Amino acid sequence: SAVISQKPSRDICQRGTSLTIQCQVDSQVTMMFWYRQQPGQSLTLIATANQGSEATYESGFVIDKFPISRPNLTFSTLTVSNMSPEDSSIYLCSARDRGTLGYTFGSGTRLTVV
Amino acid sequence: GNSVTQMEGPVTLSEEAFLTINCTYTATGYPSLFWYVQYPGEGLQLLLKATKADDKGSNKGFEATYRKETTSFHLEKGSVQVSDSAVYFCALLPVYNQGGKLIFGQGTELSVKP
């Protein structure tokens, strides 16, 4: 199955700034997903990122706050913009292997906004 | 709609005890079912999966059987180890795919004491 390299693994950021999280997959994948996981909680899907099209955002998440890029079949970025302490969370990317049911996850980015 | 319900945690067991984590689902038709594990400070890893009724997924001593009649996919292990301490997520992939989005349960934290 695919392997995802996600970075940074953690960061502490000032409020009002932005952070871009990167995910690199070691093989071509059709679908990539971005999740937020607040402490002790389950995963909440932010958006689906398909190559060559705009990301599809879930209810409660907007492009201005969480812009996503998907320039090719192996790479995606999520930016958390104009951060506030409420954005402190773990952000995870995931990829679905082409033609299979294999979903692989990155190791996560632990974001603290101060 | 589609949903997954897991037993609440935390679950605390002694080493070598028997483990059951309950998972029930609501979905149309025959979704694919998954168990993911998240070790402290890491992303999610696929533990096992089942794609049709009566399928049994197994891995690392863990098992789960796809029960259509009870809409359940309970996770079991005969003898847990301290290294099994983690958060376990049950998830489903709707049969009509709905954009390939996994639906996660709320997660169950397992703590195994020596």
# chains A, B, ... in the order shown; residues from 1 in each chain; ligands from 1

$ residues_around --residues "Leu92 in chain A" --least-positions-apart "6" --cutoff "8 Å" --atoms "only C-alpha atoms" --output "PyMOL selection string"
(chain A and resi 34-37+105-109) or (chain B and resi 43)

$ interface_residues --of "chain A" --to "chain B" --cutoff "12 Å" --atoms "only C-alpha atoms" --output "PyMOL selection string"
chain A and resi 1-6+9-10+30-50+55-58+90-110

$ write_last_selection --atoms "N, CA and C atoms" --output "compact mmCIF listing (two decimals), in the first residue's frame"
# COMPACT_ATOMS: atom_id res chain seq x y z
N SER A 1 0.84 -1.19 0.00
CA SER A 1 0.00 0.00 0.00
C SER A 1 0.88 1.25 0.00
N ALA A 2 0.25 2.37 -0.30
CA ALA A 2 0.98 3.63 -0.39
C ALA A 2 1.55 4.03 0.97
N VAL A 3 2.63 4.79 0.92
CA VAL A 3 3.24 5.36 2.13
C VAL A 3 3.19 6.87 1.99
N ILE A 4 2.77 7.54 3.05
CA ILE A 4 2.64 9.00 3.02
C ILE A 4 3.66 9.63 3.96
N SER A 5 4.36 10.62 3.46
CA SER A 5 5.24 11.42 4.29
C SER A 5 4.57 12.76 4.53
N GLN A 6 4.28 13.05 5.79
CA GLN A 6 3.58 14.29 6.14
C GLN A 6 4.51 15.16 6.98
N SER A 9 5.75 17.59 11.44
CA SER A 9 5.10 16.69 12.37
C SER A 9 4.43 17.46 13.49
N ARG A 10 4.98 18.61 13.81
CA ARG A 10 4.36 19.47 14.82
C ARG A 10 4.85 20.89 14.62
N THR A 30 -5.58 8.39 -6.56
CA THR A 30 -6.64 9.21 -7.14
C THR A 30 -7.18 10.21 -6.13
N MET A 31 -7.42 9.76 -4.94
CA MET A 31 -8.11 10.60 -3.97
C MET A 31 -7.24 10.84 -2.75
N MET A 32 -7.23 12.08 -2.30
CA MET A 32 -6.59 12.42 -1.04
C MET A 32 -7.59 13.18 -0.17
N PHE A 33 -7.43 13.01 1.11
CA PHE A 33 -8.37 13.58 2.06
C PHE A 33 -7.59 14.31 3.14
N TRP A 34 -8.20 15.34 3.69
CA TRP A 34 -7.62 16.06 4.82
C TRP A 34 -8.61 16.02 5.98
N TYR A 35 -8.07 15.64 7.17
CA TYR A 35 -8.88 15.51 8.36
C TYR A 35 -8.34 16.40 9.48
N ARG A 36 -9.22 16.73 10.41
CA ARG A 36 -8.83 17.37 11.65
C ARG A 36 -9.24 16.43 12.78
N GLN A 37 -8.35 16.30 13.75
CA GLN A 37 -8.64 15.46 14.91
C GLN A 37 -8.34 16.26 16.16
N GLN A 38 -9.37 16.68 16.84
CA GLN A 38 -9.19 17.43 18.07
C GLN A 38 -8.93 16.46 19.21
N PRO A 39 -8.27 16.93 20.27
CA PRO A 39 -7.82 16.02 21.33
C PRO A 39 -8.92 15.10 21.83
N GLY A 40 -8.64 13.81 21.82
CA GLY A 40 -9.58 12.83 22.33
C GLY A 40 -10.80 12.63 21.46
N GLN A 41 -10.78 13.15 20.26
CA GLN A 41 -11.95 13.06 19.39
C GLN A 41 -11.67 12.20 18.16
N SER A 42 -12.72 11.93 17.43
CA SER A 42 -12.57 11.19 16.18
C SER A 42 -12.10 12.13 15.07
N LEU A 43 -12.01 11.60 13.88
CA LEU A 43 -11.55 12.38 12.74
C LEU A 43 -12.72 13.10 12.09
N THR A 44 -12.51 14.34 11.78
CA THR A 44 -13.50 15.13 11.05
C THR A 44 -12.93 15.46 9.69
N LEU A 45 -13.64 15.09 8.65
CA LEU A 45 -13.16 15.34 7.30
C LEU A 45 -13.29 16.82 6.96
N ILE A 46 -12.18 17.40 6.51
CA ILE A 46 -12.18 18.80 6.10
C ILE A 46 -12.57 18.90 4.62
N ALA A 47 -11.86 18.12 3.80
CA ALA A 47 -12.09 18.23 2.36
C ALA A 47 -11.48 17.03 1.65
N THR A 48 -11.97 16.82 0.43
CA THR A 48 -11.44 15.82 -0.49
C THR A 48 -10.68 16.55 -1.59
N ALA A 49 -9.48 16.09 -1.88
CA ALA A 49 -8.64 16.77 -2.87
C ALA A 49 -8.34 15.81 -4.01
N ASN A 50 -8.90 16.11 -5.18
CA ASN A 50 -8.63 15.31 -6.37
C ASN A 50 -7.78 16.11 -7.33
N ALA A 55 -10.82 21.38 -4.61
CA ALA A 55 -11.15 20.51 -3.48
C ALA A 55 -12.61 20.65 -3.12
N THR A 56 -13.16 19.60 -2.60
CA THR A 56 -14.56 19.58 -2.15
C THR A 56 -14.58 19.65 -0.64
N TYR A 57 -15.18 20.70 -0.09
CA TYR A 57 -15.14 20.94 1.35
C TYR A 57 -16.41 20.42 2.01
N GLU A 58 -16.23 19.92 3.23
CA GLU A 58 -17.34 19.47 4.04
C GLU A 58 -18.00 20.66 4.72
N ILE A 90 -4.78 18.16 15.63
CA ILE A 90 -3.95 17.31 14.77
C ILE A 90 -4.59 17.31 13.39
N TYR A 91 -3.78 17.52 12.38
CA TYR A 91 -4.26 17.49 11.00
C TYR A 91 -3.63 16.28 10.31
N LEU A 92 -4.48 15.50 9.65
CA LEU A 92 -4.04 14.27 9.02
C LEU A 92 -4.43 14.27 7.55
N CYS A 93 -3.53 13.79 6.72
CA CYS A 93 -3.90 13.55 5.34
C CYS A 93 -4.05 12.04 5.12
N SER A 94 -4.80 11.70 4.11
CA SER A 94 -5.05 10.31 3.78
C SER A 94 -5.12 10.17 2.28
N ALA A 95 -4.78 9.00 1.80
CA ALA A 95 -4.82 8.73 0.36
C ALA A 95 -5.48 7.39 0.13
N ARG A 96 -6.21 7.33 -0.97
CA ARG A 96 -6.84 6.06 -1.35
C ARG A 96 -6.08 5.49 -2.55
N ASP A 97 -5.59 4.27 -2.39
CA ASP A 97 -4.87 3.62 -3.48
C ASP A 97 -5.78 3.43 -4.67
N ARG A 98 -5.23 3.62 -5.84
CA ARG A 98 -6.02 3.48 -7.06
C ARG A 98 -6.55 2.05 -7.19
N GLY A 99 -7.84 1.94 -7.38
CA GLY A 99 -8.44 0.65 -7.67
C GLY A 99 -8.57 -0.29 -6.49
N THR A 100 -8.25 0.17 -5.31
CA THR A 100 -8.34 -0.70 -4.14
C THR A 100 -9.12 0.00 -3.03
N LEU A 101 -9.30 -0.70 -1.95
CA LEU A 101 -9.91 -0.09 -0.78
C LEU A 101 -8.87 0.34 0.24
N GLY A 102 -7.62 0.47 -0.21
CA GLY A 102 -6.57 0.81 0.73
C GLY A 102 -6.51 2.29 1.02
N TYR A 103 -6.78 2.67 2.23
CA TYR A 103 -6.64 4.05 2.68
C TYR A 103 -5.43 4.13 3.59
N THR A 104 -4.51 4.99 3.24
CA THR A 104 -3.30 5.18 4.03
C THR A 104 -3.33 6.57 4.65
N PHE A 105 -2.77 6.68 5.86
CA PHE A 105 -2.76 7.95 6.55
C PHE A 105 -1.34 8.43 6.79
N GLY A 106 -1.18 9.75 6.74
CA GLY A 106 0.06 10.33 7.19
C GLY A 106 0.14 10.26 8.71
N SER A 107 1.30 10.59 9.24
CA SER A 107 1.52 10.49 10.68
C SER A 107 0.95 11.67 11.45
N GLY A 108 0.44 12.68 10.72
CA GLY A 108 -0.22 13.78 11.40
C GLY A 108 0.68 14.96 11.69
N THR A 109 0.05 16.12 11.78
CA THR A 109 0.72 17.36 12.16
C THR A 109 0.03 17.90 13.40
N ARG A 110 0.78 18.00 14.48
CA ARG A 110 0.22 18.53 15.74
C ARG A 110 0.45 20.02 15.75

$ select_by_dssp --residues "chain B" --states "strand (DSSP E)" --output "VMD selection string"
chain B and resid 3 to 6 11 to 14 19 to 21 23 to 26 32 to 38 44 to 50 56 to 59 62 to 65 75 to 77 86 to 93 103 to 104 108 to 113

$ closest_residue --among "B:Ala50, B:Cys23, B:Val11, B:Val4" --to "His74 in chain B" --atoms "only C-alpha atoms"
B:Cys23

$ closest_residue --among "A:Thr74, A:Ser59, A:Lys65, A:Ile12" --to "Asp26 in chain A" --atoms "only C-alpha atoms"
A:Thr74

$ residues_around --residues "Pro85 in chain A" --least-positions-apart "4" --cutoff "8 Å" --atoms "only C-alpha atoms" --output "list in words"
Arg15, Thr112, Val113 and Val114 of chain A

$ select_by_dssp --residues "range 22-113 of chain B" --states "helix (DSSP H, G or I)" --output "NGL selection string"
:B and (82-84 or 98-100)

$ residues_around --residues "Thr12 in chain B" --least-positions-apart "6" --cutoff "10 Å" --atoms "only C-alpha atoms" --output "list in words"
Leu19, Ser85, Glu109, Leu110, Ser111, Val112 and Lys113 of chain B

$ write_last_selection --atoms "all heavy atoms" --output "compact mmCIF listing (two decimals), in the first residue's frame"
# COMPACT_ATOMS: atom_id res chain seq x y z
N LEU B 19 -10.18 -9.11 24.80
CA LEU B 19 -10.65 -7.79 24.39
C LEU B 19 -11.83 -7.90 23.44
O LEU B 19 -11.79 -8.68 22.48
CB LEU B 19 -9.54 -7.02 23.69
CG LEU B 19 -9.95 -5.73 22.96
CD1 LEU B 19 -10.31 -4.64 23.98
CD2 LEU B 19 -8.84 -5.25 22.03
N SER B 85 -1.96 -0.97 23.58
CA SER B 85 -2.54 0.28 24.08
C SER B 85 -2.54 1.31 22.96
O SER B 85 -1.49 1.66 22.42
CB SER B 85 -1.75 0.81 25.28
OG SER B 85 -1.79 -0.11 26.35
N GLU B 109 -10.47 4.22 23.25
CA GLU B 109 -9.12 4.16 23.80
C GLU B 109 -8.95 2.89 24.62
O GLU B 109 -9.77 2.58 25.48
CB GLU B 109 -8.82 5.38 24.66
CG GLU B 109 -7.41 5.40 25.23
CD GLU B 109 -7.16 6.60 26.11
OE1 GLU B 109 -8.07 7.44 26.28
OE2 GLU B 109 -6.04 6.71 26.64
N LEU B 110 -7.90 2.16 24.33
CA LEU B 110 -7.57 0.94 25.07
C LEU B 110 -6.28 1.16 25.84
O LEU B 110 -5.28 1.59 25.26
CB LEU B 110 -7.41 -0.24 24.11
CG LEU B 110 -6.84 -1.53 24.73
CD1 LEU B 110 -7.82 -2.11 25.74
CD2 LEU B 110 -6.51 -2.56 23.65
N SER B 111 -6.31 0.83 27.11
CA SER B 111 -5.12 0.90 27.95
C SER B 111 -4.91 -0.49 28.55
O SER B 111 -5.81 -1.02 29.23
CB SER B 111 -5.31 1.94 29.05
OG SER B 111 -4.19 1.97 29.90
N VAL B 112 -3.76 -1.08 28.29
CA VAL B 112 -3.43 -2.40 28.82
C VAL B 112 -2.34 -2.26 29.87
O VAL B 112 -1.27 -1.71 29.59
CB VAL B 112 -2.97 -3.35 27.70
CG1 VAL B 112 -2.66 -4.74 28.27
CG2 VAL B 112 -4.02 -3.44 26.60
N LYS B 113 -2.64 -2.75 31.07
CA LYS B 113 -1.70 -2.65 32.20
C LYS B 113 -0.93 -3.95 32.36
O LYS B 113 -1.52 -5.02 32.20
CB LYS B 113 -2.45 -2.33 33.49
CG LYS B 113 -3.36 -1.10 33.41
CD LYS B 113 -2.57 0.16 33.17
CE LYS B 113 -3.47 1.38 33.19
NZ LYS B 113 -2.73 2.62 32.84
